[in-house]
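Student: Below you'll find coords_22.cif; it's mmCIF, C-alpha atoms.
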data_protein
loop_
_atom_site.label_atom_id
_atom_site.label_comp_id
_atom_site.auth_asym_id
_atom_site.auth_seq_id
_atom_site.Cartn_x
_atom_site.Cartn_y
_atom_site.Cartn_z
CA MET S 135 -85.87 266.26 84.10
CA ALA S 136 -86.95 262.63 84.17
CA GLU S 137 -88.68 261.55 87.36
CA GLY S 138 -89.15 257.85 86.66
CA VAL S 139 -92.63 256.36 86.81
CA VAL S 140 -95.17 258.31 88.87
CA GLU S 141 -97.79 256.41 90.88
CA ILE S 142 -101.23 257.87 90.16
CA ASN S 143 -104.75 257.15 91.41
CA ASP S 144 -108.36 257.84 90.45
CA SER S 145 -108.44 261.22 92.17
CA SER S 146 -105.15 262.46 90.69
CA PHE S 147 -105.75 260.98 87.22
CA ASP S 148 -107.17 264.10 85.50
CA LYS S 149 -104.50 266.40 86.88
CA GLU S 150 -101.55 264.03 86.37
CA VAL S 151 -102.56 262.66 82.96
CA LEU S 152 -105.14 264.77 81.13
CA GLU S 153 -103.73 268.13 82.25
CA ALA S 154 -100.06 267.14 82.25
CA GLY S 155 -99.12 269.49 79.41
CA ILE S 156 -96.90 266.81 77.83
CA PRO S 157 -97.66 263.35 76.41
CA VAL S 158 -98.29 260.71 79.09
CA VAL S 159 -98.09 256.92 79.15
CA VAL S 160 -100.15 255.16 81.81
CA ASP S 161 -99.26 251.58 82.76
CA PHE S 162 -102.36 249.89 84.19
CA TRP S 163 -101.24 247.03 86.41
CA ALA S 164 -102.07 244.98 89.48
CA PRO S 165 -99.98 243.12 92.04
CA TRP S 166 -101.55 239.75 91.11
CA CYS S 167 -100.56 240.04 87.44
CA GLY S 168 -97.25 238.32 86.62
CA PRO S 169 -96.80 239.85 83.15
CA CYS S 170 -97.47 243.32 84.63
CA LYS S 171 -94.68 242.87 87.13
CA ALA S 172 -92.46 241.42 84.42
CA ILE S 173 -92.78 244.46 82.13
CA GLY S 174 -92.30 246.89 85.04
CA PRO S 175 -88.49 247.12 84.63
CA MET S 176 -88.88 247.68 80.87
CA VAL S 177 -91.29 250.57 81.50
CA GLU S 178 -88.77 252.03 84.00
CA GLU S 179 -86.04 251.82 81.34
CA LEU S 180 -88.25 253.55 78.79
CA ALA S 181 -89.04 256.22 81.38
CA ALA S 182 -85.31 256.81 81.75
CA ASP S 183 -84.88 257.11 77.96
CA PHE S 184 -87.96 259.19 77.14
CA GLY S 185 -88.65 260.80 80.52
CA ASP S 186 -87.68 264.33 79.54
CA LYS S 187 -90.36 264.49 76.83
CA ILE S 188 -93.00 262.00 77.96
CA LYS S 189 -94.43 261.48 81.42
CA PHE S 190 -94.68 257.88 82.68
CA ALA S 191 -97.35 256.95 85.19
CA LYS S 192 -98.68 253.72 86.65
CA CYS S 193 -102.15 253.04 87.97
CA ASN S 194 -102.98 250.07 90.21
CA VAL S 195 -106.34 248.82 88.91
CA ASP S 196 -107.13 247.06 92.20
CA ASP S 197 -107.11 250.25 94.23
CA ASN S 198 -108.46 252.48 91.45
CA PRO S 199 -111.48 251.04 89.64
CA VAL S 200 -112.75 254.28 88.07
CA SER S 201 -109.98 255.05 85.55
CA PRO S 202 -109.72 251.49 84.13
CA GLY S 203 -113.52 251.49 83.81
CA LYS S 204 -113.51 254.80 81.96
CA TYR S 205 -110.98 253.50 79.42
CA GLU S 206 -112.73 250.10 79.15
CA ILE S 207 -109.77 248.05 80.31
CA ARG S 208 -110.52 244.31 80.31
CA ALA S 209 -106.97 243.06 80.31
CA ILE S 210 -103.66 243.96 81.85
CA PRO S 211 -100.92 244.91 81.40
CA THR S 212 -102.39 247.70 79.31
CA LEU S 213 -100.50 250.83 78.37
CA ILE S 214 -102.50 253.85 77.23
CA PHE S 215 -100.75 256.68 75.42
CA PHE S 216 -102.22 260.15 75.98
CA LYS S 217 -101.61 263.28 73.96
CA ASP S 218 -103.28 266.62 74.77
CA GLY S 219 -105.57 264.83 77.22
CA LYS S 220 -106.78 262.30 74.64
CA ASP S 221 -106.06 258.58 74.56
CA VAL S 222 -104.42 257.99 71.20
CA GLU S 223 -103.13 254.42 71.51
CA LYS S 224 -103.75 251.37 73.69
CA ILE S 225 -101.40 248.38 73.90
CA THR S 226 -102.44 245.26 75.77
CA GLY S 227 -100.23 242.36 76.79
CA MET S 228 -96.51 241.84 76.78
CA VAL S 229 -94.85 243.41 73.76
CA ALA S 230 -91.24 243.92 72.70
CA LYS S 231 -89.44 247.06 73.83
CA SER S 232 -88.87 248.09 70.20
CA LYS S 233 -92.64 248.18 69.62
CA LEU S 234 -93.16 250.43 72.64
CA GLU S 235 -90.32 252.66 71.46
CA ASP S 236 -92.09 253.08 68.12
CA SER S 237 -95.31 254.07 69.89
CA LEU S 238 -93.44 256.51 72.12
CA ASN S 239 -91.76 258.11 69.12
CA ASN S 240 -95.18 258.49 67.49
CA LEU S 241 -96.32 260.36 70.58
CA LEU S 242 -93.62 263.02 70.20
CA MET G 213 -59.29 229.16 66.63
CA GLU G 214 -61.24 231.94 64.95
CA LYS G 215 -62.68 234.43 67.39
CA THR G 216 -66.40 234.79 67.97
CA ASP G 217 -68.37 237.20 70.14
CA TYR G 218 -69.72 234.29 72.19
CA ASP G 219 -69.29 230.57 72.72
CA LEU G 220 -73.02 230.19 73.15
CA VAL G 221 -76.10 232.32 72.59
CA VAL G 222 -79.30 231.21 74.30
CA ILE G 223 -82.41 232.60 72.62
CA GLY G 224 -85.41 232.98 74.92
CA GLY G 225 -85.72 233.65 78.65
CA GLY G 226 -88.35 231.22 79.91
CA PRO G 227 -87.52 228.30 82.21
CA ALA G 228 -85.65 226.46 79.40
CA GLY G 229 -83.51 229.45 78.43
CA LEU G 230 -82.77 230.41 82.02
CA THR G 231 -81.73 226.86 82.87
CA ALA G 232 -79.54 226.53 79.77
CA GLY G 233 -77.99 229.88 80.71
CA LEU G 234 -77.45 228.76 84.28
CA TYR G 235 -75.67 225.56 83.24
CA ALA G 236 -73.59 227.33 80.58
CA ALA G 237 -72.56 230.18 82.89
CA ARG G 238 -71.69 227.71 85.62
CA ALA G 239 -69.56 225.81 83.07
CA LYS G 240 -67.74 229.13 82.46
CA LEU G 241 -68.77 229.39 78.83
CA ASN G 242 -68.84 232.84 77.25
CA VAL G 243 -72.63 232.89 77.10
CA ILE G 244 -75.40 235.44 76.65
CA LEU G 245 -79.15 235.04 76.88
CA ILE G 246 -81.29 237.11 74.53
CA GLU G 247 -84.85 237.82 75.66
CA LYS G 248 -87.32 239.88 73.64
CA ILE G 249 -89.59 241.16 76.41
CA SER G 250 -88.80 240.01 79.91
CA THR G 251 -87.68 236.70 81.41
CA GLY G 252 -90.47 234.30 82.21
CA GLY G 253 -92.29 233.26 79.11
CA GLN G 254 -95.59 231.48 79.41
CA VAL G 255 -95.02 230.69 83.09
CA LEU G 256 -95.77 234.34 83.83
CA ILE G 257 -99.39 233.84 82.89
CA THR G 258 -99.70 230.84 85.20
CA ASP G 259 -101.39 231.74 88.43
CA TRP G 260 -100.14 228.84 90.47
CA VAL G 261 -97.62 226.09 89.76
CA GLU G 262 -98.16 222.98 91.85
CA ASN G 263 -96.34 220.32 89.86
CA TYR G 264 -92.81 221.73 89.95
CA PRO G 265 -90.86 219.67 92.50
CA GLY G 266 -89.40 221.41 95.52
CA PHE G 267 -92.37 223.67 96.23
CA PRO G 268 -94.85 221.53 98.18
CA GLU G 269 -97.10 224.50 98.89
CA GLY G 270 -97.00 225.59 95.22
CA ILE G 271 -95.52 228.79 93.84
CA SER G 272 -96.76 231.58 91.56
CA GLY G 273 -95.44 231.54 88.02
CA PHE G 274 -93.94 234.98 88.44
CA GLU G 275 -92.10 234.09 91.63
CA LEU G 276 -90.70 230.86 90.19
CA VAL G 277 -89.33 232.70 87.18
CA GLN G 278 -87.89 235.43 89.37
CA LYS G 279 -86.03 232.80 91.39
CA MET G 280 -84.75 231.11 88.21
CA THR G 281 -83.54 234.46 86.85
CA GLU G 282 -81.82 235.31 90.13
CA GLN G 283 -80.15 231.91 90.27
CA ALA G 284 -78.83 232.14 86.70
CA LYS G 285 -77.51 235.67 87.31
CA GLN G 286 -75.68 234.45 90.42
CA PHE G 287 -73.44 232.42 88.13
CA GLY G 288 -72.79 235.44 85.95
CA LEU G 289 -75.33 234.89 83.17
CA VAL G 290 -75.78 238.06 81.14
CA ILE G 291 -79.37 238.63 79.99
CA GLU G 292 -79.85 241.11 77.18
CA ASN G 293 -83.18 242.62 76.20
CA ASN G 294 -83.09 242.31 72.42
CA GLU G 295 -84.91 240.64 69.57
CA VAL G 296 -83.49 238.00 67.25
CA LEU G 297 -84.51 238.88 63.71
CA SER G 298 -82.79 236.03 61.88
CA LEU G 299 -80.03 233.45 62.04
CA GLU G 300 -77.30 232.66 59.52
CA LEU G 301 -76.43 229.00 60.09
CA SER G 302 -74.72 227.91 56.87
CA GLU G 303 -71.17 228.54 58.15
CA LYS G 304 -69.51 226.84 61.09
CA ILE G 305 -69.49 230.18 62.92
CA LYS G 306 -73.09 231.21 63.33
CA THR G 307 -74.30 234.77 62.90
CA ILE G 308 -77.29 236.18 64.75
CA ARG G 309 -78.99 239.34 63.53
CA LEU G 310 -80.45 241.30 66.44
CA ASN G 311 -82.49 244.49 66.52
CA ASP G 312 -79.49 246.81 66.57
CA LYS G 313 -76.41 244.65 65.85
CA THR G 314 -75.08 241.35 64.59
CA VAL G 315 -73.22 238.88 66.80
CA THR G 316 -71.24 235.71 66.09
CA THR G 317 -71.24 232.52 68.14
CA ARG G 318 -70.12 228.91 68.05
CA ALA G 319 -73.30 227.38 69.36
CA ILE G 320 -76.92 228.36 69.80
CA ILE G 321 -79.66 227.03 72.07
CA ILE G 322 -83.14 227.88 70.88
CA ALA G 323 -85.50 228.22 73.83
CA THR G 324 -88.09 230.52 72.34
CA GLY G 325 -91.03 228.52 73.64
CA ALA G 326 -94.53 228.74 72.32
CA SER G 327 -97.53 231.06 72.37
CA PRO G 328 -101.21 230.39 72.87
CA ARG G 329 -102.90 229.25 69.68
CA LYS G 330 -105.83 231.24 68.38
CA LEU G 331 -109.20 229.87 67.31
CA GLY G 332 -109.20 231.78 64.06
CA VAL G 333 -112.89 232.73 64.29
CA PRO G 334 -114.51 236.05 63.33
CA GLY G 335 -114.26 238.60 66.14
CA GLU G 336 -111.34 236.99 67.94
CA ASP G 337 -108.67 239.49 66.86
CA VAL G 338 -111.00 242.48 67.09
CA PHE G 339 -111.92 241.73 70.70
CA PHE G 340 -108.49 240.59 71.92
CA GLY G 341 -107.90 242.56 75.12
CA LYS G 342 -111.55 243.61 74.94
CA GLY G 343 -112.93 240.58 76.67
CA VAL G 344 -110.94 237.97 74.76
CA SER G 345 -107.92 236.70 76.64
CA SER G 346 -105.54 233.82 77.24
CA CYS G 347 -104.49 234.93 80.72
CA ALA G 348 -106.89 234.26 83.60
CA THR G 349 -104.47 235.57 86.24
CA CYS G 350 -104.13 238.87 84.37
CA ASP G 351 -107.69 239.41 83.32
CA GLY G 352 -109.91 237.20 85.48
CA PRO G 353 -110.52 239.87 88.14
CA PHE G 354 -112.05 242.19 85.50
CA PHE G 355 -114.91 239.71 85.20
CA ARG G 356 -116.04 239.69 88.82
CA ASP G 357 -119.67 238.42 89.01
CA ARG G 358 -119.84 238.24 85.21
CA VAL G 359 -120.37 235.37 82.81
CA VAL G 360 -117.47 234.16 80.70
CA ALA G 361 -116.76 231.41 78.19
CA ALA G 362 -113.62 229.28 78.11
CA VAL G 363 -112.56 227.11 75.19
CA GLY G 364 -110.45 223.96 75.53
CA GLY G 365 -110.28 220.71 77.46
CA GLY G 366 -106.64 220.23 78.37
CA ASP G 367 -104.78 220.98 81.60
CA THR G 368 -104.50 224.71 80.95
CA ALA G 369 -108.15 225.19 80.01
CA VAL G 370 -109.38 223.25 83.02
CA GLN G 371 -106.96 224.67 85.61
CA GLU G 372 -107.53 228.26 84.46
CA SER G 373 -111.33 227.80 84.30
CA ILE G 374 -111.28 226.66 87.91
CA PHE G 375 -109.20 229.75 88.76
CA LEU G 376 -111.76 231.98 86.99
CA THR G 377 -114.54 230.71 89.25
CA LYS G 378 -112.91 232.65 92.11
CA PHE G 379 -114.20 235.79 90.39
CA VAL G 380 -116.90 235.08 87.87
CA LYS G 381 -120.54 234.10 88.29
CA LYS G 382 -120.30 231.39 85.67
CA VAL G 383 -117.91 229.78 83.19
CA TYR G 384 -119.19 228.01 80.09
CA LEU G 385 -116.44 225.52 79.31
CA ILE G 386 -116.65 224.75 75.61
CA HIS G 387 -114.94 221.56 74.53
CA ARG G 388 -115.07 219.84 71.17
CA ARG G 389 -115.08 216.33 72.68
CA ASP G 390 -117.38 214.67 75.23
CA GLU G 391 -114.71 214.31 77.91
CA LEU G 392 -111.83 216.38 79.23
CA ARG G 393 -108.26 215.64 78.27
CA ALA G 394 -106.95 217.28 81.46
CA THR G 395 -105.18 215.29 84.15
CA GLY G 396 -107.30 213.43 86.77
CA ILE G 397 -107.15 215.82 89.70
CA LEU G 398 -108.00 218.85 87.58
CA ARG G 399 -110.83 216.99 85.86
CA GLU G 400 -112.34 216.02 89.20
CA ARG G 401 -112.11 219.55 90.56
CA ALA G 402 -113.72 221.01 87.44
CA LEU G 403 -116.58 218.52 87.30
CA ALA G 404 -117.32 219.19 90.98
CA ASN G 405 -117.32 222.97 90.51
CA ASP G 406 -120.91 224.22 90.24
CA LYS G 407 -119.86 227.50 88.60
CA ILE G 408 -118.62 225.62 85.53
CA GLU G 409 -121.20 224.59 82.93
CA PHE G 410 -119.82 222.19 80.35
CA LEU G 411 -120.75 222.48 76.71
CA TRP G 412 -119.57 219.14 75.32
CA ASP G 413 -118.99 218.32 71.64
CA SER G 414 -119.04 222.03 70.93
CA VAL G 415 -116.97 224.62 69.14
CA LEU G 416 -117.02 228.39 69.30
CA THR G 417 -117.65 229.76 65.83
CA ARG G 418 -117.86 233.55 66.21
CA MET G 419 -117.74 236.47 68.64
CA ASP G 420 -119.83 239.61 68.43
CA GLY G 421 -120.17 242.86 70.32
CA LEU G 422 -119.89 246.62 70.10
CA THR G 423 -116.67 247.72 71.80
CA ASN G 424 -116.25 244.56 73.89
CA VAL G 425 -117.24 240.97 73.28
CA GLU G 426 -120.92 240.50 74.24
CA LYS G 427 -122.08 237.39 72.47
CA ILE G 428 -120.60 234.15 71.17
CA THR G 429 -121.95 231.53 68.83
CA VAL G 430 -121.44 227.90 69.80
CA LYS G 431 -122.06 224.96 67.51
CA ASN G 432 -122.63 221.38 68.57
CA VAL G 433 -120.43 219.28 66.29
CA LYS G 434 -122.65 216.21 66.62
CA SER G 435 -126.10 217.72 66.07
CA GLY G 436 -124.96 220.73 64.02
CA GLU G 437 -127.18 222.90 66.21
CA GLU G 438 -126.00 226.48 66.82
CA LYS G 439 -126.82 228.73 69.74
CA ASN G 440 -125.86 232.18 70.96
CA LEU G 441 -124.63 232.85 74.48
CA ALA G 442 -124.35 236.23 76.16
CA VAL G 443 -120.89 236.54 77.75
CA ASP G 444 -118.70 239.36 79.06
CA GLY G 445 -115.44 237.58 78.34
CA CYS G 446 -113.96 234.70 76.44
CA PHE G 447 -110.80 232.79 77.33
CA ILE G 448 -109.03 230.66 74.73
CA TRP G 449 -106.90 227.69 75.81
CA ILE G 450 -106.66 225.38 72.82
CA GLY G 451 -102.98 224.63 72.85
CA ILE G 452 -99.90 226.41 71.63
CA LEU G 453 -97.80 227.10 68.57
CA PRO G 454 -93.99 227.37 68.64
CA ASN G 455 -92.25 230.74 68.40
CA THR G 456 -90.06 229.62 65.55
CA GLU G 457 -91.07 231.86 62.62
CA PHE G 458 -87.72 233.70 62.74
CA LEU G 459 -85.92 230.46 61.79
CA GLY G 460 -87.22 230.31 58.25
CA ASP G 461 -86.51 226.81 56.95
CA ALA G 462 -83.00 226.47 58.37
CA LEU G 463 -83.85 223.63 60.78
CA ARG G 464 -85.89 220.48 60.54
CA GLN G 465 -89.30 221.16 62.04
CA ASP G 466 -92.54 219.23 62.31
CA GLU G 467 -95.77 220.22 60.54
CA PHE G 468 -96.61 222.76 63.28
CA GLY G 469 -93.13 224.31 63.40
CA PHE G 470 -91.84 222.54 66.51
CA ILE G 471 -88.11 221.81 66.15
CA ILE G 472 -87.10 218.17 65.78
CA ALA G 473 -84.12 217.13 67.93
CA ASP G 474 -82.20 214.04 68.98
CA ALA G 475 -81.98 212.84 72.59
CA ASP G 476 -78.97 215.17 73.10
CA MET G 477 -81.15 218.14 71.97
CA SER G 478 -79.11 218.60 68.77
CA THR G 479 -81.09 219.81 65.77
CA SER G 480 -80.54 219.17 62.07
CA VAL G 481 -77.78 221.84 62.08
CA PRO G 482 -74.60 221.00 64.05
CA GLY G 483 -74.06 223.46 66.89
CA VAL G 484 -77.73 224.41 67.11
CA PHE G 485 -79.65 222.93 70.02
CA VAL G 486 -83.22 223.29 71.23
CA ALA G 487 -84.89 223.11 74.64
CA GLY G 488 -88.38 223.49 76.05
CA ASP G 489 -91.73 224.11 74.40
CA ALA G 490 -90.25 224.96 70.99
CA ARG G 491 -89.12 221.36 70.66
CA ASN G 492 -91.14 218.54 69.15
CA THR G 493 -91.82 216.72 72.42
CA PRO G 494 -94.70 214.70 73.92
CA LEU G 495 -94.99 216.78 77.10
CA ARG G 496 -94.59 220.53 77.64
CA GLN G 497 -94.15 221.38 81.29
CA ILE G 498 -91.74 223.59 83.25
CA VAL G 499 -90.06 220.47 84.55
CA THR G 500 -89.53 219.02 81.06
CA ALA G 501 -88.29 222.37 79.74
CA VAL G 502 -85.58 222.63 82.38
CA GLY G 503 -84.62 218.99 81.79
CA ASP G 504 -84.24 219.64 78.06
CA ALA G 505 -82.19 222.73 78.86
CA ALA G 506 -79.67 220.95 81.06
CA ILE G 507 -79.08 218.39 78.31
CA ALA G 508 -78.87 221.08 75.63
CA ALA G 509 -76.31 223.07 77.64
CA PHE G 510 -74.28 219.91 78.30
CA SER G 511 -74.35 219.03 74.58
CA ALA G 512 -73.47 222.59 73.58
CA GLU G 513 -70.53 222.61 75.99
CA HIS G 514 -69.25 219.36 74.51
CA TYR G 515 -69.70 220.74 70.98
CA ILE G 516 -67.80 223.95 71.83
CA GLU G 517 -64.93 222.00 73.41
CA ASN G 518 -64.47 220.13 70.12
CA PHE G 519 -65.06 223.14 67.87
#
Translate this structure into structure tokens?
Tutor:
Amino acid sequence: MAEGVVEINDSSFDKEVLEAGIPVVVDFWAPWCGPCKAIGPMVEELAADFGDKIKFAKCNVDDNPVSPGKYEIRAIPTLIFFKDGKDVEKITGMVAKSKLEDSLNNLL
Amino acid sequence: MEKTDYDLVVIGGGPAGLTAGLYAARAKLNVILIEKISTGGQVLITDWVENYPGFPEGISGFELVQKMTEQAKQFGLVIENNEVLSLELSEKIKTIRLNDKTVTTRAIIIATGASPRKLGVPGEDVFFGKGVSSCATCDGPFFRDRVVAAVGGGDTAVQESIFLTKFVKKVYLIHRRDELRATGILRERALANDKIEFLWDSVLTRMDGLTNVEKITVKNVKSGEEKNLAVDGCFIWIGILPNTEFLGDALRQDEFGFIIADADMSTSVPGVFVAGDARNTPLRQIVTAVGDAAIAAFSAEHYIENF
């Protein structure tokens, strides 16, 4: 059952993402980032479409410096696609929904 | 009259598209706005807008666009998240090929805007998102107490470099001339900012690093002398290029691809109008984009009435 986009933090990251048991997409964002807020609704829509097979999570980089550091994030919005606990794809910036759909399908 | 899916299709959801949509919806045209990603366009990457009238205290780019979107929707504008792949403009009724369907319309307003231009130097693509950026509001905070380079000398380069100094230890501002092109107040603020070191008459020629950008090469165009600088990030603000590739050669464009229009925003194809940064125009601001858009919507309405 789809549960929308789950808010995660540095301490829950391993459990929620790496040990999720299904593919996970993490949306790294911050409240001061316009493009991040702009793609938010699109990520919610994708969560509704793919939510039964892929878990969607978002991580506020302001409050959680460890995870963005670990994945060498220097720009947001960045989406990282995880499969079996490994980061398999990283997309930075605003991209079309169709491109994200392709990446999500690759994850399945 | 032959039936079409729409009277008017507006392509692009930045300030120009949203304003054209607002005017058209308010004029009760059967209109739709097609946006590829999310409404906003380049304004989204602007930290603070202080030259758009009506907001004396300034407003964030995101908030301004949110208000424009809300206002257009109030008049019933439908905004669809879809991508225009190509246009068929040879018949009087125009056909637009989208990602998943084809629609017909009487008139079109192109408001696809522009995107930041790249330098085209080695390393730039490899390190994009890995230290190389065009968005200080998005990425500036990742460079807290670090050293970054910025390239450009216009309003965007200067305003965003000043914004970066809130976070970084130092900005090398690399400009190919010996004076800034930016408007007076920005120029003054930048020259007075002791975190900005100016590298005049200089161009960035390459970027190097392991996983992230670590070093850039800068060449003085007058002396020919080259030097390396250690940086953690590099911001590129050297102007823009129009998002008009999908048009092919259907419309008259200038050498850079900006669409050429008359004072009524009509292009070389009857029924196709243009507004905002995609147009060949001497000034590209939010305020000029929305002005273009009001004229384009007015002209489109007139064209549709006489279809």
Student: Could you list, as a PDB file with C-alpha atoms, in the frame of the given file, every residue matched by the PyMOL selection byres ((chain G and resi 504-519) around 8) in this structure?
Tutor:
ATOM      1  CA  ASP G 219     -69.290 230.570  72.720  1.00  0.00           C
ATOM      2  CA  LEU G 220     -73.020 230.190  73.150  1.00  0.00           C
ATOM      3  CA  ALA G 228     -85.650 226.460  79.400  1.00  0.00           C
ATOM      4  CA  GLY G 229     -83.510 229.450  78.430  1.00  0.00           C
ATOM      5  CA  THR G 231     -81.730 226.860  82.870  1.00  0.00           C
ATOM      6  CA  ALA G 232     -79.540 226.530  79.770  1.00  0.00           C
ATOM      7  CA  GLY G 233     -77.990 229.880  80.710  1.00  0.00           C
ATOM      8  CA  TYR G 235     -75.670 225.560  83.240  1.00  0.00           C
ATOM      9  CA  ALA G 236     -73.590 227.330  80.580  1.00  0.00           C
ATOM     10  CA  ALA G 239     -69.560 225.810  83.070  1.00  0.00           C
ATOM     11  CA  LEU G 241     -68.770 229.390  78.830  1.00  0.00           C
ATOM     12  CA  ARG G 318     -70.120 228.910  68.050  1.00  0.00           C
ATOM     13  CA  ALA G 319     -73.300 227.380  69.360  1.00  0.00           C
ATOM     14  CA  ILE G 320     -76.920 228.360  69.800  1.00  0.00           C
ATOM     15  CA  ILE G 321     -79.660 227.030  72.070  1.00  0.00           C
ATOM     16  CA  ASP G 476     -78.970 215.170  73.100  1.00  0.00           C
ATOM     17  CA  MET G 477     -81.150 218.140  71.970  1.00  0.00           C
ATOM     18  CA  SER G 478     -79.110 218.600  68.770  1.00  0.00           C
ATOM     19  CA  GLY G 483     -74.060 223.460  66.890  1.00  0.00           C
ATOM     20  CA  VAL G 484     -77.730 224.410  67.110  1.00  0.00           C
ATOM     21  CA  PHE G 485     -79.650 222.930  70.020  1.00  0.00           C
ATOM     22  CA  VAL G 486     -83.220 223.290  71.230  1.00  0.00           C
ATOM     23  CA  ALA G 487     -84.890 223.110  74.640  1.00  0.00           C
ATOM     24  CA  GLY G 488     -88.380 223.490  76.050  1.00  0.00           C
ATOM     25  CA  THR G 500     -89.530 219.020  81.060  1.00  0.00           C
ATOM     26  CA  ALA G 501     -88.290 222.370  79.740  1.00  0.00           C
ATOM     27  CA  VAL G 502     -85.580 222.630  82.380  1.00  0.00           C
ATOM     28  CA  GLY G 503     -84.620 218.990  81.790  1.00  0.00           C
TER      29      GLY G 503
END
Student: My list of candidates is G:Ser480, G:Asn263, G:Thr251, G:Ser302. Which is closest to chain S when distances are computed with only C-alpha atoms?
Tutor: G:Thr251
Student: Taking the file as I've supplied it (selection: the PyMOL selection byres ((chain S and resi 183-192) around 10)), which residues are included? Please answer as a tab-separated table (two decimals) with C-alpha atoms, in the frame of the given file.
Tutor:
chain	number	residue	atom	x	y	z
S	135	MET	CA	-85.87	266.26	84.10
S	136	ALA	CA	-86.95	262.63	84.17
S	137	GLU	CA	-88.68	261.55	87.36
S	138	GLY	CA	-89.15	257.85	86.66
S	139	VAL	CA	-92.63	256.36	86.81
S	140	VAL	CA	-95.17	258.31	88.87
S	141	GLU	CA	-97.79	256.41	90.88
S	142	ILE	CA	-101.23	257.87	90.16
S	143	ASN	CA	-104.75	257.15	91.41
S	147	PHE	CA	-105.75	260.98	87.22
S	150	GLU	CA	-101.55	264.03	86.37
S	151	VAL	CA	-102.56	262.66	82.96
S	154	ALA	CA	-100.06	267.14	82.25
S	155	GLY	CA	-99.12	269.49	79.41
S	156	ILE	CA	-96.90	266.81	77.83
S	157	PRO	CA	-97.66	263.35	76.41
S	158	VAL	CA	-98.29	260.71	79.09
S	159	VAL	CA	-98.09	256.92	79.15
S	160	VAL	CA	-100.15	255.16	81.81
S	161	ASP	CA	-99.26	251.58	82.76
S	162	PHE	CA	-102.36	249.89	84.19
S	163	TRP	CA	-101.24	247.03	86.41
S	164	ALA	CA	-102.07	244.98	89.48
S	174	GLY	CA	-92.30	246.89	85.04
S	177	VAL	CA	-91.29	250.57	81.50
S	178	GLU	CA	-88.77	252.03	84.00
S	179	GLU	CA	-86.04	251.82	81.34
S	180	LEU	CA	-88.25	253.55	78.79
S	181	ALA	CA	-89.04	256.22	81.38
S	182	ALA	CA	-85.31	256.81	81.75
S	193	CYS	CA	-102.15	253.04	87.97
S	194	ASN	CA	-102.98	250.07	90.21
S	195	VAL	CA	-106.34	248.82	88.91
S	213	LEU	CA	-100.50	250.83	78.37
S	214	ILE	CA	-102.50	253.85	77.23
S	215	PHE	CA	-100.75	256.68	75.42
S	216	PHE	CA	-102.22	260.15	75.98
S	217	LYS	CA	-101.61	263.28	73.96
S	235	GLU	CA	-90.32	252.66	71.46
S	238	LEU	CA	-93.44	256.51	72.12
S	239	ASN	CA	-91.76	258.11	69.12
S	241	LEU	CA	-96.32	260.36	70.58
S	242	LEU	CA	-93.62	263.02	70.20
Student: Check the smallest atom-to-atom distance from each of S:Val200, S:Tyr205, S:Asn240, S:Ile210 to chain G using all atoms listed in the file, then report the winner.
Tutor: S:Ile210
Student: Kindly resolve the PyMOL selection byres ((chain S) within 9 of (chain G)) on the present coordinates and return the residues as a ChimeraX atom specification.
Tutor: /S:163-164,166-173,175-176,196,206-212,225-232
Student: Could you check how far atom CA of Arg389 of chain G sits from atom CA of Thr456 of chain G, in Å to one decimal?
Tutor: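 Going from atom CA of Arg389 of chain G over to atom CA of Thr456 of chain G covers 29.2 Å.
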Student: Just give me the gap between atom CA of Ser146 of chain S and atom CA of Gly203 of chain S in Å, one decimal is fine.
Tutor: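 Atom CA of Gly203 of chain S lies at a distance of 15.4 Å from atom CA of Ser146 of chain S.
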Student: Could you check the closest approach to Glu262 of chain G for each of G:Val222, G:Gln497, G:Asp337, G:Leu459 and tell me which residue wins, using all atoms listed in the file?
Tutor: G:Gln497
Student: Give me, as a PDB file with C-alpha atoms, in the frame of the given file, all polymer residues having an atom no more than 10 Å from Ala394 of chain G, counting all atoms listed in the file and skipping those fewer than 6 positions away in the same chain.
Tutor:
ATOM      1  CA  GLY G 364    -110.450 223.960  75.530  1.00  0.00           C
ATOM      2  CA  GLY G 365    -110.280 220.710  77.460  1.00  0.00           C
ATOM      3  CA  GLY G 366    -106.640 220.230  78.370  1.00  0.00           C
ATOM      4  CA  ASP G 367    -104.780 220.980  81.600  1.00  0.00           C
ATOM      5  CA  THR G 368    -104.500 224.710  80.950  1.00  0.00           C
ATOM      6  CA  ALA G 369    -108.150 225.190  80.010  1.00  0.00           C
ATOM      7  CA  VAL G 370    -109.380 223.250  83.020  1.00  0.00           C
ATOM      8  CA  GLN G 371    -106.960 224.670  85.610  1.00  0.00           C
ATOM      9  CA  GLU G 400    -112.340 216.020  89.200  1.00  0.00           C
ATOM     10  CA  ALA G 402    -113.720 221.010  87.440  1.00  0.00           C
TER      11      ALA G 402
END
Student: Considering only C-alpha atoms, return as a PyMOL selection string whatever protein or nucleic-acid residues lie within 8 Å of Lys330 of chain G, sequence-local ones (same chain, fewer than 6 positions apart) excluded.
Tutor: chain G and resi 336+448+450
